[in-house]
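Structure file data_3.cif; described as mmCIF, C-alpha atoms and all ligand atoms.
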```cif
data_final
loop_
_atom_site.label_atom_id
_atom_site.label_comp_id
_atom_site.auth_asym_id
_atom_site.auth_seq_id
_atom_site.Cartn_x
_atom_site.Cartn_y
_atom_site.Cartn_z
CA MET S 239 -57.02 -122.57 57.60
CA ALA S 240 -55.47 -124.63 54.84
CA ARG S 241 -55.83 -128.35 55.41
CA VAL S 242 -53.59 -131.11 54.17
CA ASN S 243 -54.56 -134.12 52.11
CA GLU S 244 -54.86 -136.32 55.17
CA HIS S 245 -54.39 -139.48 53.13
CA TYR S 246 -50.69 -138.64 52.91
CA LEU S 247 -50.51 -138.97 56.68
CA LYS S 248 -51.57 -142.63 56.43
CA LEU S 249 -48.35 -143.46 54.59
CA LYS S 250 -45.75 -145.15 56.66
CA ALA S 251 -42.58 -143.03 56.35
CA GLY S 252 -40.45 -144.07 53.35
CA TYR S 253 -38.62 -146.70 55.33
CA LEU S 254 -36.73 -149.09 53.09
CA PHE S 255 -34.07 -147.05 51.30
CA PRO S 256 -33.46 -144.53 54.12
CA GLU S 257 -32.96 -147.44 56.52
CA ILE S 258 -30.54 -149.13 54.11
CA GLY S 259 -28.66 -145.83 53.77
CA ARG S 260 -28.50 -145.42 57.54
CA ARG S 261 -27.09 -148.90 58.12
CA VAL S 262 -24.53 -148.63 55.30
CA LYS S 263 -23.39 -145.24 56.54
CA ALA S 264 -22.96 -146.49 60.11
CA PHE S 265 -21.01 -149.52 58.88
CA ALA S 266 -18.76 -147.43 56.61
CA ALA S 267 -18.04 -144.96 59.43
CA ALA S 268 -17.00 -147.79 61.75
CA ASN S 269 -15.03 -149.61 59.00
CA PRO S 270 -13.47 -146.90 56.85
CA SER S 271 -11.17 -149.29 54.97
CA ALA S 272 -13.96 -151.68 53.89
CA LYS S 273 -14.75 -151.56 50.17
CA VAL S 274 -18.53 -151.69 50.13
CA ILE S 275 -20.16 -152.96 46.90
CA ARG S 276 -23.72 -151.84 46.27
CA LEU S 277 -26.03 -154.26 44.50
CA GLY S 278 -29.11 -152.76 46.05
CA ILE S 279 -29.91 -150.00 43.65
CA GLY S 280 -32.57 -150.11 40.94
CA ASP S 281 -30.66 -147.60 38.85
CA VAL S 282 -28.55 -148.17 35.74
CA THR S 283 -24.83 -147.36 35.63
CA ARG S 284 -23.72 -147.58 31.96
CA PRO S 285 -23.59 -144.30 30.00
CA LEU S 286 -25.93 -143.51 27.10
CA PRO S 287 -25.28 -145.40 23.86
CA PRO S 288 -23.20 -143.22 21.47
CA ALA S 289 -25.88 -143.08 18.73
CA VAL S 290 -28.40 -141.88 21.30
CA LEU S 291 -26.01 -139.29 22.69
CA SER S 292 -25.28 -137.99 19.22
CA ALA S 293 -28.99 -137.56 18.39
CA PHE S 294 -29.43 -135.82 21.75
CA HIS S 295 -26.56 -133.36 20.93
CA ASP S 296 -27.90 -132.66 17.44
CA ALA S 297 -31.36 -131.87 18.79
CA VAL S 298 -29.94 -129.52 21.43
CA ALA S 299 -28.05 -127.71 18.66
CA GLU S 300 -31.32 -127.27 16.74
CA LEU S 301 -32.72 -125.38 19.71
CA GLY S 302 -29.88 -122.87 19.39
CA ASN S 303 -30.80 -121.90 15.85
CA GLU S 304 -33.73 -119.62 15.05
CA LYS S 305 -34.65 -121.67 11.96
CA THR S 306 -34.89 -124.99 13.80
CA PHE S 307 -35.90 -123.81 17.26
CA MET S 308 -38.79 -125.74 18.85
CA GLY S 309 -41.10 -124.46 21.59
CA TYR S 310 -44.00 -126.38 23.08
CA GLY S 311 -44.50 -129.71 21.37
CA PRO S 312 -47.64 -131.86 21.36
CA GLU S 313 -48.48 -132.92 24.93
CA GLN S 314 -48.85 -136.51 23.70
CA GLY S 315 -45.36 -136.57 22.18
CA TYR S 316 -43.92 -135.93 18.71
CA ASP S 317 -45.15 -138.09 15.85
CA PHE S 318 -41.58 -139.05 14.95
CA LEU S 319 -41.18 -140.83 18.29
CA ILE S 320 -44.69 -142.29 18.45
CA ASP S 321 -44.35 -143.68 14.90
CA THR S 322 -40.91 -145.10 15.66
CA VAL S 323 -42.16 -146.88 18.79
CA ILE S 324 -45.17 -148.32 16.97
CA ARG S 325 -43.10 -149.51 14.02
CA LYS S 326 -39.87 -150.62 15.68
CA SER S 327 -40.93 -151.75 19.12
CA TYR S 328 -44.51 -153.01 18.73
CA GLY S 329 -44.39 -153.96 15.04
CA PRO S 330 -42.08 -156.97 15.46
CA LEU S 331 -44.42 -158.32 18.16
CA GLY S 332 -47.32 -158.33 15.72
CA VAL S 333 -49.02 -155.57 17.72
CA THR S 334 -50.64 -152.75 15.72
CA LEU S 335 -51.35 -149.49 17.50
CA SER S 336 -52.65 -146.19 16.21
CA PRO S 337 -50.68 -143.02 17.04
CA ALA S 338 -53.58 -141.71 19.14
CA GLU S 339 -53.19 -144.70 21.46
CA VAL S 340 -49.59 -143.85 22.44
CA PHE S 341 -48.69 -141.10 24.93
CA ILE S 342 -45.05 -140.09 25.44
CA SER S 343 -44.20 -138.98 28.96
CA ASP S 344 -41.33 -138.24 31.29
CA GLY S 345 -41.56 -141.51 33.18
CA SER S 346 -43.49 -144.62 34.04
CA LYS S 347 -43.31 -143.81 37.73
CA CYS S 348 -45.43 -140.71 37.19
CA ASP S 349 -47.70 -142.38 34.61
CA THR S 350 -48.51 -145.36 36.85
CA ALA S 351 -49.30 -142.81 39.57
CA ASN S 352 -51.15 -140.25 37.42
CA ILE S 353 -53.36 -142.83 35.72
CA LEU S 354 -55.34 -142.94 38.98
CA ASP S 355 -56.73 -139.48 38.09
CA ILE S 356 -59.11 -141.02 35.55
CA PHE S 357 -60.60 -143.71 37.80
CA ALA S 358 -63.32 -143.35 40.47
CA LEU S 359 -62.21 -143.82 44.06
CA GLU S 360 -64.80 -146.57 44.52
CA ASN S 361 -62.85 -148.97 42.32
CA ARG S 362 -61.47 -152.03 44.07
CA VAL S 363 -57.73 -152.17 43.36
CA ALA S 364 -55.47 -155.23 43.54
CA ILE S 365 -51.68 -155.13 43.72
CA GLY S 366 -49.02 -157.78 44.10
CA ASP S 367 -47.03 -158.45 47.24
CA PRO S 368 -44.03 -157.92 47.03
CA VAL S 369 -44.48 -154.92 44.75
CA TYR S 370 -42.97 -151.78 43.23
CA PRO S 371 -44.07 -149.43 46.06
CA VAL S 372 -45.43 -146.71 43.74
CA TYR S 373 -48.63 -148.67 42.95
CA ASN S 374 -49.50 -149.02 46.62
CA ASP S 375 -48.51 -145.60 47.89
CA THR S 376 -50.23 -143.62 45.12
CA ASN S 377 -53.51 -145.42 45.84
CA VAL S 378 -53.14 -144.46 49.50
CA MET S 379 -52.29 -140.84 48.59
CA ILE S 380 -55.35 -140.44 46.39
CA GLY S 381 -57.61 -141.68 49.19
CA ARG S 382 -58.53 -145.18 48.09
CA SER S 383 -57.47 -146.88 51.34
CA GLY S 384 -57.87 -146.83 55.07
CA PRO S 385 -54.91 -146.97 57.46
CA ALA S 386 -52.14 -149.57 57.32
CA ASP S 387 -52.11 -152.57 59.61
CA GLU S 388 -48.97 -153.80 61.35
CA ARG S 389 -47.88 -155.73 58.24
CA GLY S 390 -48.12 -152.66 56.06
CA TYR S 391 -51.35 -153.74 54.31
CA TYR S 392 -53.73 -150.80 53.82
CA ALA S 393 -57.44 -151.33 54.47
CA GLY S 394 -59.45 -151.47 51.24
CA ILE S 395 -56.60 -152.51 48.94
CA VAL S 396 -56.53 -156.14 47.81
CA TYR S 397 -53.07 -157.71 48.08
CA LEU S 398 -52.10 -160.66 45.92
CA PRO S 399 -49.17 -162.60 47.41
CA CYS S 400 -46.49 -163.62 44.89
CA THR S 401 -44.70 -166.55 46.44
CA GLU S 402 -42.48 -169.49 45.60
CA ALA S 403 -45.64 -171.64 45.61
CA ASN S 404 -47.34 -169.65 42.83
CA GLY S 405 -44.15 -168.94 40.86
CA PHE S 406 -44.29 -165.29 41.95
CA PHE S 407 -47.34 -164.65 39.78
CA PRO S 408 -50.53 -163.39 41.43
CA ALA S 409 -53.57 -165.66 41.62
CA PHE S 410 -57.05 -164.22 41.09
CA PRO S 411 -58.52 -162.69 44.25
CA GLU S 412 -61.57 -164.21 45.91
CA GLU S 413 -63.45 -160.92 45.75
CA LYS S 414 -64.03 -159.15 42.45
CA VAL S 415 -61.58 -156.33 41.71
CA ASP S 416 -61.91 -153.51 39.14
CA ILE S 417 -58.26 -152.59 38.61
CA VAL S 418 -55.19 -154.81 38.86
CA TYR S 419 -51.52 -153.92 38.50
CA LEU S 420 -49.29 -156.48 36.81
CA CYS S 421 -45.54 -156.02 36.32
CA SER S 422 -43.61 -158.36 34.01
CA PRO S 423 -40.67 -158.86 34.01
CA ASN S 424 -41.12 -158.16 37.69
CA ASN S 425 -39.42 -155.80 40.03
CA PRO S 426 -38.51 -157.07 42.65
CA THR S 427 -38.88 -160.84 42.00
CA GLY S 428 -37.35 -161.03 38.51
CA ALA S 429 -40.21 -163.33 37.45
CA VAL S 430 -41.54 -163.08 33.91
CA ALA S 431 -45.16 -163.89 33.06
CA THR S 432 -45.98 -166.50 30.43
CA ARG S 433 -48.51 -165.90 27.72
CA GLY S 434 -50.90 -168.27 29.51
CA GLN S 435 -50.57 -166.39 32.79
CA LEU S 436 -51.30 -163.05 31.12
CA LYS S 437 -54.16 -164.59 29.15
CA GLY S 438 -55.68 -165.70 32.46
CA TRP S 439 -55.72 -162.12 33.74
CA VAL S 440 -56.98 -160.74 30.43
CA ASP S 441 -59.88 -163.20 30.56
CA TYR S 442 -60.50 -162.25 34.19
CA ALA S 443 -60.56 -158.55 33.25
CA LEU S 444 -62.91 -159.10 30.32
CA ALA S 445 -65.25 -161.21 32.44
CA ASN S 446 -65.28 -158.71 35.34
CA ASP S 447 -65.15 -155.41 33.45
CA ALA S 448 -61.79 -154.78 35.08
CA VAL S 449 -58.78 -152.84 33.80
CA ILE S 450 -55.22 -154.19 33.88
CA LEU S 451 -52.41 -151.69 34.46
CA PHE S 452 -49.48 -153.51 32.89
CA ASP S 453 -45.97 -152.28 33.74
CA ALA S 454 -43.49 -153.46 31.10
CA ALA S 455 -40.52 -151.33 32.25
CA TYR S 456 -38.21 -154.35 31.93
CA GLU S 457 -39.46 -155.87 28.66
CA ALA S 458 -36.06 -155.30 27.00
CA PHE S 459 -34.48 -157.69 29.50
CA ILE S 460 -36.42 -160.74 28.32
CA THR S 461 -33.75 -163.00 26.85
CA GLU S 462 -35.68 -166.24 26.36
CA GLY S 463 -38.11 -166.70 23.51
CA GLY S 464 -41.82 -167.24 23.97
CA TYR S 465 -42.53 -164.69 26.71
CA PRO S 466 -44.75 -161.75 25.79
CA ARG S 467 -43.00 -158.36 25.82
CA SER S 468 -46.30 -156.55 25.58
CA ILE S 469 -49.66 -157.50 27.03
CA TYR S 470 -51.17 -156.70 23.62
CA GLU S 471 -49.60 -159.90 22.31
CA VAL S 472 -52.42 -161.56 24.26
CA GLU S 473 -55.79 -161.67 22.57
CA GLY S 474 -58.39 -159.44 24.18
CA ALA S 475 -55.88 -157.17 25.97
CA ARG S 476 -56.68 -154.23 23.70
CA LYS S 477 -60.09 -154.15 25.36
CA CYS S 478 -58.90 -154.17 28.97
CA ALA S 479 -55.23 -153.24 29.41
CA ILE S 480 -53.19 -150.06 29.70
CA GLU S 481 -49.47 -150.62 29.18
CA PHE S 482 -46.54 -148.63 30.60
CA ARG S 483 -43.11 -148.70 29.01
CA SER S 484 -40.00 -146.75 29.82
CA PHE S 485 -36.67 -145.89 28.25
CA SER S 486 -35.20 -145.74 31.77
CA LYS S 487 -33.86 -149.26 32.19
CA THR S 488 -33.89 -150.17 28.49
CA ALA S 489 -31.57 -147.39 27.35
CA GLY S 490 -30.12 -145.68 30.41
CA PHE S 491 -32.73 -142.92 30.58
CA THR S 492 -33.25 -142.94 34.36
CA GLY S 493 -31.79 -139.44 34.50
CA VAL S 494 -32.81 -138.30 31.00
CA ARG S 495 -36.52 -139.19 31.53
CA CYS S 496 -38.69 -140.64 28.76
CA ALA S 497 -41.45 -143.25 28.83
CA LEU S 498 -44.73 -144.05 27.14
CA THR S 499 -48.19 -145.21 28.05
CA VAL S 500 -50.50 -147.05 25.68
CA VAL S 501 -54.24 -146.58 26.15
CA PRO S 502 -56.01 -148.53 23.37
CA GLU S 503 -59.25 -147.05 22.04
CA GLY S 504 -61.10 -150.20 23.11
CA VAL S 505 -60.37 -149.89 26.84
CA THR S 506 -63.41 -148.47 28.59
CA ALA S 507 -64.92 -147.92 32.02
CA LYS S 508 -68.43 -147.08 33.22
CA THR S 509 -70.03 -143.85 34.44
CA PRO S 510 -72.25 -144.00 37.55
CA SER S 511 -75.27 -144.23 35.23
CA GLY S 512 -73.78 -147.15 33.38
CA GLU S 513 -72.56 -145.47 30.19
CA THR S 514 -69.32 -146.67 28.68
CA VAL S 515 -66.47 -144.16 28.29
CA PRO S 516 -63.19 -144.81 26.44
CA LEU S 517 -60.30 -144.25 28.84
CA ASN S 518 -58.16 -142.97 25.97
CA ARG S 519 -60.28 -139.81 25.84
CA LEU S 520 -59.90 -139.21 29.57
CA TRP S 521 -56.15 -139.83 29.60
CA ASN S 522 -55.73 -137.51 26.63
CA ARG S 523 -57.69 -134.84 28.51
CA ARG S 524 -55.64 -135.41 31.63
CA GLN S 525 -52.30 -135.19 29.83
CA THR S 526 -53.18 -132.15 27.72
CA THR S 527 -54.33 -130.31 30.84
CA LYS S 528 -51.71 -131.31 33.39
CA PHE S 529 -48.64 -132.06 31.25
CA ASN S 530 -46.76 -130.13 28.61
CA GLY S 531 -44.77 -132.84 26.94
CA VAL S 532 -41.25 -134.21 27.05
CA SER S 533 -38.45 -131.98 25.74
CA TYR S 534 -37.61 -132.20 22.04
CA PRO S 535 -33.97 -133.34 22.49
CA VAL S 536 -35.05 -136.10 24.87
CA GLN S 537 -37.61 -137.40 22.37
CA LYS S 538 -34.98 -137.27 19.60
CA ALA S 539 -32.61 -139.23 21.83
CA ALA S 540 -35.37 -141.76 22.59
CA ALA S 541 -36.16 -142.23 18.88
CA ALA S 542 -32.44 -142.90 18.25
CA VAL S 543 -32.66 -145.93 20.57
CA TYR S 544 -34.55 -147.59 17.71
CA SER S 545 -32.15 -146.64 14.92
CA ASP S 546 -30.13 -149.61 13.66
CA GLU S 547 -26.97 -148.42 15.35
CA GLY S 548 -28.77 -147.19 18.45
CA TRP S 549 -30.53 -150.50 18.94
CA ARG S 550 -27.34 -152.50 18.49
CA GLN S 551 -25.60 -150.37 21.12
CA THR S 552 -28.59 -150.45 23.45
CA LYS S 553 -28.79 -154.20 23.15
CA GLU S 554 -25.08 -154.48 24.06
CA ILE S 555 -25.74 -152.63 27.31
CA VAL S 556 -28.75 -154.81 28.12
CA ASP S 557 -26.57 -157.88 27.41
CA TYR S 558 -23.89 -156.50 29.71
CA TYR S 559 -26.36 -156.23 32.59
CA MET S 560 -27.78 -159.66 31.84
CA GLY S 561 -24.18 -160.98 31.89
CA ASN S 562 -23.95 -159.57 35.42
CA ALA S 563 -27.23 -161.27 36.28
CA ARG S 564 -25.81 -164.59 35.11
CA VAL S 565 -22.66 -164.13 37.22
CA ILE S 566 -24.81 -163.48 40.29
CA ARG S 567 -27.29 -166.25 39.59
CA GLU S 568 -24.73 -168.95 38.81
CA GLY S 569 -22.31 -167.90 41.55
CA LEU S 570 -24.96 -167.92 44.25
CA THR S 571 -26.58 -171.13 43.03
CA SER S 572 -23.23 -172.90 43.21
CA ALA S 573 -22.83 -171.54 46.74
CA GLY S 574 -26.00 -173.44 47.62
CA LEU S 575 -28.49 -170.58 47.62
CA THR S 576 -31.97 -170.84 46.13
CA VAL S 577 -32.14 -168.14 43.50
CA TYR S 578 -34.96 -166.83 41.30
CA GLY S 579 -35.05 -164.27 38.49
CA GLY S 580 -31.97 -162.99 36.67
CA VAL S 581 -32.79 -164.76 33.38
CA ASN S 582 -35.40 -162.43 31.87
CA ALA S 583 -35.00 -159.57 34.34
CA PRO S 584 -32.07 -157.64 35.82
CA TYR S 585 -33.04 -158.64 39.37
CA ILE S 586 -32.07 -161.72 41.34
CA TRP S 587 -34.50 -162.72 44.07
CA LEU S 588 -32.80 -165.08 46.48
CA LYS S 589 -34.13 -167.03 49.40
CA THR S 590 -32.26 -166.16 52.57
CA PRO S 591 -30.20 -169.11 53.82
CA GLY S 592 -31.41 -170.99 56.88
CA GLY S 593 -34.69 -169.09 56.85
CA ILE S 594 -33.20 -165.95 58.44
CA SER S 595 -35.11 -162.70 58.05
CA SER S 596 -34.51 -160.36 55.13
CA TRP S 597 -33.01 -157.69 57.41
CA ASP S 598 -30.78 -160.18 59.25
CA PHE S 599 -29.44 -161.33 55.89
CA PHE S 600 -28.92 -157.68 54.93
CA ASP S 601 -26.81 -157.13 58.07
CA LYS S 602 -24.88 -160.35 57.50
CA LEU S 603 -24.00 -159.43 53.90
CA LEU S 604 -23.06 -155.89 54.90
CA THR S 605 -20.89 -156.72 57.89
CA GLU S 606 -19.32 -159.98 56.68
CA CYS S 607 -19.10 -159.45 52.88
CA HIS S 608 -19.37 -155.66 52.62
CA VAL S 609 -22.12 -156.12 50.01
CA VAL S 610 -25.35 -154.13 49.99
CA GLY S 611 -28.61 -155.56 48.68
CA THR S 612 -32.29 -154.91 49.33
CA PRO S 613 -34.30 -156.81 51.95
CA GLY S 614 -37.29 -158.48 50.30
CA SER S 615 -39.59 -157.58 53.18
CA GLY S 616 -39.18 -153.93 52.18
CA PHE S 617 -41.36 -154.66 49.10
CA GLY S 618 -44.19 -156.19 51.14
CA PRO S 619 -44.76 -158.87 53.77
CA ALA S 620 -44.65 -161.73 51.23
CA GLY S 621 -41.06 -160.64 50.47
CA GLU S 622 -39.95 -161.67 53.98
CA GLY S 623 -37.24 -164.33 53.79
CA PHE S 624 -36.11 -163.03 50.38
CA PHE S 625 -33.46 -160.60 49.20
CA ARG S 626 -33.05 -158.62 45.96
CA LEU S 627 -29.75 -158.15 44.17
CA SER S 628 -29.55 -155.88 41.15
CA ALA S 629 -27.52 -156.62 38.01
CA PHE S 630 -27.09 -152.92 37.16
CA GLY S 631 -23.57 -152.65 38.59
CA ASN S 632 -20.19 -152.91 36.92
CA ARG S 633 -18.93 -156.39 36.09
CA GLU S 634 -15.82 -156.40 38.28
CA ASN S 635 -17.74 -155.29 41.34
CA VAL S 636 -20.49 -157.81 40.66
CA ALA S 637 -17.97 -160.64 40.31
CA GLU S 638 -16.14 -159.59 43.45
CA ALA S 639 -19.36 -159.33 45.46
CA VAL S 640 -20.42 -162.81 44.36
CA GLU S 641 -16.99 -164.22 45.25
CA ARG S 642 -17.18 -162.68 48.72
CA ILE S 643 -20.65 -164.14 49.30
CA ARG S 644 -19.56 -167.57 48.07
CA LYS S 645 -16.54 -167.65 50.39
CA ASN S 646 -18.66 -166.49 53.29
CA LEU S 647 -21.32 -169.16 52.79
CA LYS S 648 -18.83 -172.02 52.43
C1 LIG S 701 -37.70 -148.39 37.11
C2 LIG S 701 -39.12 -148.76 37.04
C3 LIG S 701 -40.01 -148.02 36.25
C4 LIG S 701 -39.54 -146.88 35.39
O1 LIG S 701 -39.78 -145.67 35.97
P1 LIG S 701 -39.39 -144.34 35.19
O2 LIG S 701 -40.19 -143.30 35.92
O3 LIG S 701 -39.81 -144.49 33.77
O4 LIG S 701 -37.92 -144.14 35.35
C5 LIG S 701 -41.33 -148.43 36.19
N1 LIG S 701 -41.76 -149.51 36.86
C6 LIG S 701 -40.94 -150.25 37.60
C7 LIG S 701 -41.47 -151.46 38.27
C8 LIG S 701 -39.59 -149.89 37.73
O5 LIG S 701 -38.78 -150.64 38.48
#
```

Using structure tokens, write down the structure that the file contains.
Ligand SMILES: *Cc1c(COP(=O)(O)O)cnc(C)c1O
Amino acid sequence: MARVNEHYLKLKAGYLFPEIGRRVKAFAAANPSAKVIRLGIGDVTRPLPPAVLSAFHDAVAELGNEKTFMGYGPEQGYDFLIDTVIRKSYGPLGVTLSPAEVFISDGSKCDTANILDIFALENRVAIGDPVYPVYNDTNVMIGRSGPADERGYYAGIVYLPCTEANGFFPAFPEEKVDIVYLCSPNNPTGAVATRGQLKGWVDYALANDAVILFDAAYEAFITEGGYPRSIYEVEGARKCAIEFRSFSKTAGFTGVRCALTVVPEGVTAKTPSGETVPLNRLWNRRQTTKFNGVSYPVQKAAAAVYSDEGWRQTKEIVDYYMGNARVIREGLTSAGLTVYGGVNAPYIWLKTPGGISSWDFFDKLLTECHVVGTPGSGFGPAGEGFFRLSAFGNRENVAEAVERIRKNLK
């Protein structure tokens, strides 16, 4: 008889977004005339920049011509895109990468999940709390944890609370860990790590032979100077960090699908007998065996993000979202709320007023303001008492939602 991967059965049913959907649906059915504004989603809303769209179209047309038709491409991605990323995105940061260190993929969600293929199950893994749920759930799926306790903490995984007290940046765990996920700018807290904070973790990793999995999906949203956009801006990171980047939030590719993962040649891990193996070799083997590359038109579209025109247009969209973030942040601050994030990230992380629970605040916003957000407790127990609003909406809706909340809180 075929047997299931029983680790999947340890997962608590995807609870957060279905539960939000259920409550919004029930409210809308009972109040058909209410105009509900959704600031809960982590998805972009602006269309592709014109220069990107045009490159996309041109590449599709090439596929319709026998002379320019393309079949399978390199599993690691086309050189034209890898070279563009290295030159245009990493170059200005003073980071030099070789083409063999960059792997183009169809998303950071899958890469942050698939990277677990190349690590032994015995590794001790640390993740933040609150956290992007993919890091936690994929470790459970692959069999690295025991069952969940009543808080939603899985046995065997080390959780690092990110709280007001520590500026939403994880402190080093008491026990030694082998792998740690860091996400900056952060989803859901909107916090951005300083160079010093990242340097602390790089030093920790070097001292403990640990690997950092650094998720930089929101690097394009850093608006203030001085914050690292890549962990490789920190000395020593090329020996201990794997970095994930995505075109999803940067350039509206959530539906188009393109991302990249950097595995520097110097990042290694040990075999059971103590030999050192470069992780780049294993990831290359994994990708060439289990993945057949991102489609040619998508990679052409992604490369166009870094053309002069493409970048100007992309930047305008990022600025638009960050304008929304400012409207939310300033509006809610002036209404007396304590608000974090929204300066170098498209997420606002607010403290619920009067210490009410995240879900009670959700219900209050929905029923009294007709605004939908995301309860912080859905991202982990340390998110209790917080609430996430996204800046990815349209400006009028964002402004109206903020106005409704302000009036309600007066
Ligand atoms: C949106 C997001 C990503 C990007 O995922 P893709 O699969 O590239 O769309 C990665 N990490 C975090 C934390 C995100 O919020």

So which residues touch S:Leu436 within 10 Å, counting only C-alpha atoms, skipping near sequence neighbours fewer than 4 positions away, as a compact mmCIF listing (two decimals) with C-alpha atoms, in the frame of the given file?
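Written out: part28.txt:
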```
# COMPACT_ATOMS: atom_id res chain seq x y z
CA PHE S 407 -47.34 -164.65 39.78
CA LEU S 420 -49.29 -156.48 36.81
CA SER S 422 -43.61 -158.36 34.01
CA ALA S 431 -45.16 -163.89 33.06
CA THR S 432 -45.98 -166.50 30.43
CA VAL S 440 -56.98 -160.74 30.43
CA ASP S 441 -59.88 -163.20 30.56
CA TYR S 442 -60.50 -162.25 34.19
CA PHE S 452 -49.48 -153.51 32.89
CA TYR S 465 -42.53 -164.69 26.71
CA PRO S 466 -44.75 -161.75 25.79
CA SER S 468 -46.30 -156.55 25.58
CA ILE S 469 -49.66 -157.50 27.03
CA TYR S 470 -51.17 -156.70 23.62
CA GLU S 471 -49.60 -159.90 22.31
CA VAL S 472 -52.42 -161.56 24.26
CA GLU S 473 -55.79 -161.67 22.57
CA ALA S 475 -55.88 -157.17 25.97
```

With the cut-off set at 7 Å and counting all atoms listed in the file, tabulate each residue of chain S with an atom at most that distance from an atom of ligand LIG 701 (chain S), showing the nearest atom pair and its distance in Å to one decimal, ordered by chain and increasing number, as CSV.
```
residue,atom,partner,partner_atom,distance
S:Gly280,CA,S:LIG701,C1,6.6
S:Asp344,CA,S:LIG701,O3,6.9
S:Gly345,CA,S:LIG701,O3,3.5
S:Ser346,CA,S:LIG701,O3,3.7
S:Lys347,CA,S:LIG701,O2,3.6
S:Cys348,CA,S:LIG701,O2,6.0
S:Tyr370,CA,S:LIG701,C7,5.2
S:Cys421,CA,S:LIG701,C7,6.4
S:Asn424,CA,S:LIG701,C7,6.7
S:Asn425,CA,S:LIG701,C7,5.1
S:Asp453,CA,S:LIG701,N1,5.9
S:Ala455,CA,S:LIG701,C5,5.0
S:Ser484,CA,S:LIG701,O3,4.6
S:Phe485,CA,S:LIG701,O3,6.5
S:Ser486,CA,S:LIG701,O4,4.8
S:Lys487,CA,S:LIG701,C1,6.3
S:Thr492,CA,S:LIG701,O4,4.9
S:Arg495,CA,S:LIG701,O4,6.4
S:Cys496,CA,S:LIG701,O3,6.4
S:Ala497,CA,S:LIG701,O3,5.4
```

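Distance-wise, atom CA of S:Arg467 and atom CA of S:Asn582 end up 10.5 Å apart.
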
Tell me which of S:Ala563, S:Ala454, S:Leu604, S:Ala358 sits closest to S:Asn377, counting all atoms listed in the file.
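For S:Asn377, the nearest of the candidates is S:Ala358.
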
Excluding S:Gly252 and its own-chain neighbours fewer than 3 positions away, which residues fall within 12 Å of it when counting all atoms listed in the file? Please give them as a list of chain:residue names.
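Residues meeting the cut-off are S:Tyr246, S:Leu247, S:Lys248, S:Leu249, S:Phe255, S:Pro256, S:Glu257, S:Ile258, S:Gly259, S:Pro371, S:Val372, S:Asp375, S:Gly390, S:Gly616, S:Phe617.
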
Mind giving me the straight-line distance from atom CA of S:Thr427 to atom CA of S:Leu254 in Å, one decimal?
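It comes out at 16.3 Å.
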
Who sits within 9 Å of S:Arg325, all atoms listed in the file, same chain under 5 positions skipped, as a count of residues only:
4

Kindly give the distance, in Å, that separates atom CA of S:Val449 and atom CA of S:Thr526, rounded to a single decimal.
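Atom CA of S:Val449 sits 22.3 Å away from atom CA of S:Thr526.
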
Among the residues S:Glu388, S:Glu360, S:Glu402, S:Asp367, the one that comes closest to S:Asp416 [using all atoms listed in the file]
S:Glu360

Distance query stretch 531-542 of chain S at most 8 Å, all atoms listed in the file, self and fewer than 5 positions along chain excluded, as JSON, numbers by chain:
{"S": [289, 290, 291, 292, 293, 294, 295, 296, 297, 298, 308, 310, 311, 312, 313, 314, 315, 316, 318, 319, 322, 323, 342, 343, 344, 485, 494, 495, 496, 548, 549]}

For the residues in the current selection, export C-alpha atoms as an mmCIF file, keeping the file's coordinate frame.
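Output contents, as saved in part-v3.cif:
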```cif
data_model
loop_
_atom_site.group_PDB
_atom_site.id
_atom_site.type_symbol
_atom_site.label_atom_id
_atom_site.label_comp_id
_atom_site.auth_asym_id
_atom_site.auth_seq_id
_atom_site.Cartn_x
_atom_site.Cartn_y
_atom_site.Cartn_z
ATOM 1 C CA ALA S 289 -25.880 -143.080 18.730
ATOM 2 C CA VAL S 290 -28.400 -141.880 21.300
ATOM 3 C CA LEU S 291 -26.010 -139.290 22.690
ATOM 4 C CA SER S 292 -25.280 -137.990 19.220
ATOM 5 C CA ALA S 293 -28.990 -137.560 18.390
ATOM 6 C CA PHE S 294 -29.430 -135.820 21.750
ATOM 7 C CA HIS S 295 -26.560 -133.360 20.930
ATOM 8 C CA ASP S 296 -27.900 -132.660 17.440
ATOM 9 C CA ALA S 297 -31.360 -131.870 18.790
ATOM 10 C CA VAL S 298 -29.940 -129.520 21.430
ATOM 11 C CA MET S 308 -38.790 -125.740 18.850
ATOM 12 C CA TYR S 310 -44.000 -126.380 23.080
ATOM 13 C CA GLY S 311 -44.500 -129.710 21.370
ATOM 14 C CA PRO S 312 -47.640 -131.860 21.360
ATOM 15 C CA GLU S 313 -48.480 -132.920 24.930
ATOM 16 C CA GLN S 314 -48.850 -136.510 23.700
ATOM 17 C CA GLY S 315 -45.360 -136.570 22.180
ATOM 18 C CA TYR S 316 -43.920 -135.930 18.710
ATOM 19 C CA PHE S 318 -41.580 -139.050 14.950
ATOM 20 C CA LEU S 319 -41.180 -140.830 18.290
ATOM 21 C CA THR S 322 -40.910 -145.100 15.660
ATOM 22 C CA VAL S 323 -42.160 -146.880 18.790
ATOM 23 C CA ILE S 342 -45.050 -140.090 25.440
ATOM 24 C CA SER S 343 -44.200 -138.980 28.960
ATOM 25 C CA ASP S 344 -41.330 -138.240 31.290
ATOM 26 C CA PHE S 485 -36.670 -145.890 28.250
ATOM 27 C CA VAL S 494 -32.810 -138.300 31.000
ATOM 28 C CA ARG S 495 -36.520 -139.190 31.530
ATOM 29 C CA CYS S 496 -38.690 -140.640 28.760
ATOM 30 C CA GLY S 548 -28.770 -147.190 18.450
ATOM 31 C CA TRP S 549 -30.530 -150.500 18.940
#
```
